[in-house]
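Here is the structure we will look at, set down as structure tokens.
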Amino acid sequence: MPAATNPAVAKAALAPPDPGVLLAWYDRHQRRLPWRAPPGARQDPYRVFLSEIMLQQTTVVTVAPYYEAFLRRWPSVEALARAPLAEVLSAWAGLGYYARARNLHACAKAVAERHGGQFPADETALLALPGIGPYTAAAIASIAFERRAAPVDGNWERVLARLFAVSDPLPKARPKLRALALTLLPQARYGDFAQAMMDLGATICTPRKPACVLCPWQSPCSARAEGAPERYPVKAAKVARPTRQGVAFLAVRADGAVLVRSRAPKGLLGGMSEVPSTPWEPNGVAHPGAHAPLQATWTALNATVTHVFSHFALELQLWRADVPAGAPAPDGHRWVTAHDVDAEAFPSVMRKVLAHAQPFFIDPE
DNA sequence: TATCCGTGGGC
DNA sequence: TGCCCAAGGAT
């Protein structure tokens, strides 16, 4: 076996990575992002908080317009704390993982009420707030308050797994990766270092086809020395994604209004607006009509809405009924016109459904 | 520890 | 097209 492909030999031959080298790279190549203060400027903890919550499992490109809209509408944590939850959910609609929006609001209220409107700087105190886990606590502590902390996200994990050729599969390797992260921290500039790791992972040490030739840490990287950096991080096998089926009921009033309701406050799409439907079951439901929200002549549309959630795929058949103007909304339901659709919190799957409710108009894009 | 929890883009 | 991936947290 050639020495370059022998992990033990490769690791033994390399010098440890120098955090100062990464910081120097960051000074030249850092990305300009909407939530990132100019070099040398102090970060607003609220902006760091808002961006970090939005960026959980969500790409920079997707987050950017939502971040700008939230910051414009609620410029401070106290403004956000005063907002009704329904408005926050409506503004969050389309971004996904809606528990984040509920916790964002709960956290803003906690900061306003328990901390006088000032985010705590301490990682442990941050961790006690709703929606703030180990990653986000470390991110706010380091980026907003320059505390010594390692916000180990997917970028950090990938970079660390390659630097040290960690062959244990994720997520089991997390404790080991975190320990390696702590050994790598510089003596200062903790916020810059955190963001440098993220930038490196996002632009150089990418999941596929990493640009090792441009990497400031190419010489100490064990995975590169082995010759196949994309082999890391190793991941556990994924579970299959099942399918569920249901029927959605489009009750359309003569003026174009559509009957909707709000989902239960927690769980899947918790607190969001929806078109009434049967439960979503692996084999659909036996008698969909029994779940119709009102008595009417229901007609099956020749349309199926498909949508993929994180842990199942959904197929929704559409039934439609034309309802007279002035028909009352059943308990727990309400009529929504095109005029006030923007105030509703329709998740993406429901925008797809509503696109079939002519002449009610909504753009599923 | 494992599962639940969205969405859109890239290949 | 199907799969992978993205600045995770709560339970």
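Ligands are numbered from 1 in the order shown, residues from 1 within each chain, and chains are lettered A, B, ... in the order they appear in the structure tokens.
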Given only C-alpha atoms (C1' of nucleotides), how would the per-residue table for chain A near chain C read, listing every residue at most 7 Å away with its closest atom pair and distance in Å to one decimal, sorted by chain and number, as a Markdown table?
| residue | atom | partner | partner_atom | distance |
| --- | --- | --- | --- | --- |
| A:Glu52 | CA | C:DA7 | C1' | 6.1 |
| A:Leu55 | CA | C:DA7 | C1' | 5.2 |
| A:Gln56 | CA | C:DG8 | C1' | 5.3 |
| A:Gln57 | CA | C:DA6 | C1' | 4.9 |
| A:Thr58 | CA | C:DA6 | C1' | 4.8 |
| A:Thr59 | CA | C:DA6 | C1' | 4.8 |
| A:Gly131 | CA | C:DG9 | C1' | 6.1 |
| A:Gly133 | CA | C:DG9 | C1' | 5.9 |
| A:Asp153 | CA | C:DA7 | C1' | 6.3 |
**Message:** Residues of chain B within 9 Å of chain A, counting only C-alpha atoms (C1' of nucleotides), what are they? List them as a list in words.
**Reply:**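 The selection requested is DC4, DC5, DG6, DT7 and DG8 of chain B.
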Any chance you could export the current selection's N, CA, C and O atoms (P, O5', C5', C4', C3', O3' and C1' of nucleotides) as a PDB file, in the first residue's frame?
ATOM      1  P    DC B   4     -40.436   9.268  13.307  1.00  0.00           P
ATOM      2  O5'  DC B   4     -40.731  10.818  13.561  1.00  0.00           O
ATOM      3  C5'  DC B   4     -41.406  11.208  14.760  1.00  0.00           C
ATOM      4  C4'  DC B   4     -41.285  12.710  14.915  1.00  0.00           C
ATOM      5  C3'  DC B   4     -41.735  13.517  13.686  1.00  0.00           C
ATOM      6  O3'  DC B   4     -42.660  14.489  14.105  1.00  0.00           O
ATOM      7  C1'  DC B   4     -39.615  14.245  14.436  1.00  0.00           C
ATOM      8  P    DC B   5     -43.594  15.161  12.994  1.00  0.00           P
ATOM      9  O5'  DC B   5     -42.740  16.446  12.582  1.00  0.00           O
ATOM     10  C5'  DC B   5     -42.524  17.439  13.574  1.00  0.00           C
ATOM     11  C4'  DC B   5     -41.534  18.449  13.082  1.00  0.00           C
ATOM     12  C3'  DC B   5     -41.732  18.907  11.630  1.00  0.00           C
ATOM     13  O3'  DC B   5     -41.893  20.303  11.599  1.00  0.00           O
ATOM     14  C1'  DC B   5     -39.474  18.513  12.099  1.00  0.00           C
ATOM     15  P    DG B   6     -42.427  21.008  10.319  1.00  0.00           P
ATOM     16  O5'  DG B   6     -41.443  20.444   9.186  1.00  0.00           O
ATOM     17  C5'  DG B   6     -41.876  20.362   7.846  1.00  0.00           C
ATOM     18  C4'  DG B   6     -41.540  21.649   7.120  1.00  0.00           C
ATOM     19  C3'  DG B   6     -41.948  21.674   5.654  1.00  0.00           C
ATOM     20  O3'  DG B   6     -42.273  23.024   5.351  1.00  0.00           O
ATOM     21  C1'  DG B   6     -39.605  21.826   5.802  1.00  0.00           C
ATOM     22  P    DT B   7     -43.008  23.290   3.924  1.00  0.00           P
ATOM     23  O5'  DT B   7     -41.754  23.599   3.008  1.00  0.00           O
ATOM     24  C5'  DT B   7     -40.950  24.718   3.356  1.00  0.00           C
ATOM     25  C4'  DT B   7     -39.703  24.730   2.515  1.00  0.00           C
ATOM     26  C3'  DT B   7     -39.915  24.414   1.029  1.00  0.00           C
ATOM     27  O3'  DT B   7     -39.901  25.642   0.330  1.00  0.00           O
ATOM     28  C1'  DT B   7     -37.898  23.481   1.923  1.00  0.00           C
ATOM     29  P    DG B   8     -40.253  25.663  -1.242  1.00  0.00           P
ATOM     30  O5'  DG B   8     -38.796  25.715  -1.884  1.00  0.00           O
ATOM     31  C5'  DG B   8     -37.861  26.637  -1.358  1.00  0.00           C
ATOM     32  C4'  DG B   8     -36.494  26.377  -1.956  1.00  0.00           C
ATOM     33  C3'  DG B   8     -36.513  26.124  -3.461  1.00  0.00           C
ATOM     34  O3'  DG B   8     -35.393  26.790  -4.027  1.00  0.00           O
ATOM     35  C1'  DG B   8     -35.485  24.321  -2.373  1.00  0.00           C
TER      36       DG B   8
END
**Prompt:** Which residues, written as a list in words, have at least one atom at most 8 Å from Arg334 in chain A, with only C-alpha atoms (C1' of nucleotides) counted and residues fewer than 5 positions away on the same chain left out?
**Reply:** Leu259, Val260, Arg261 and Ala329 of chain A
**Message:** as JSON, numbers by chain, please: every residue in range 41-214 of chain A that a backbone DSSP assignment puts in alpha helix (DSSP H).
**Reply:** {"A": [45, 46, 47, 48, 49, 50, 51, 52, 53, 54, 60, 61, 62, 63, 64, 65, 66, 67, 68, 69, 70, 71, 72, 73, 77, 78, 79, 80, 81, 82, 85, 86, 87, 88, 89, 90, 91, 92, 99, 100, 101, 102, 103, 104, 105, 106, 107, 108, 109, 110, 111, 112, 113, 114, 123, 124, 125, 126, 127, 134, 135, 136, 137, 138, 139, 140, 141, 142, 143, 144, 145, 154, 155, 156, 157, 158, 159, 160, 161, 162, 163, 174, 175, 176, 177, 178, 179, 180, 181, 182, 183, 184, 190, 191, 192, 193, 194, 195, 196, 197, 198, 199, 200, 201, 202, 203]}
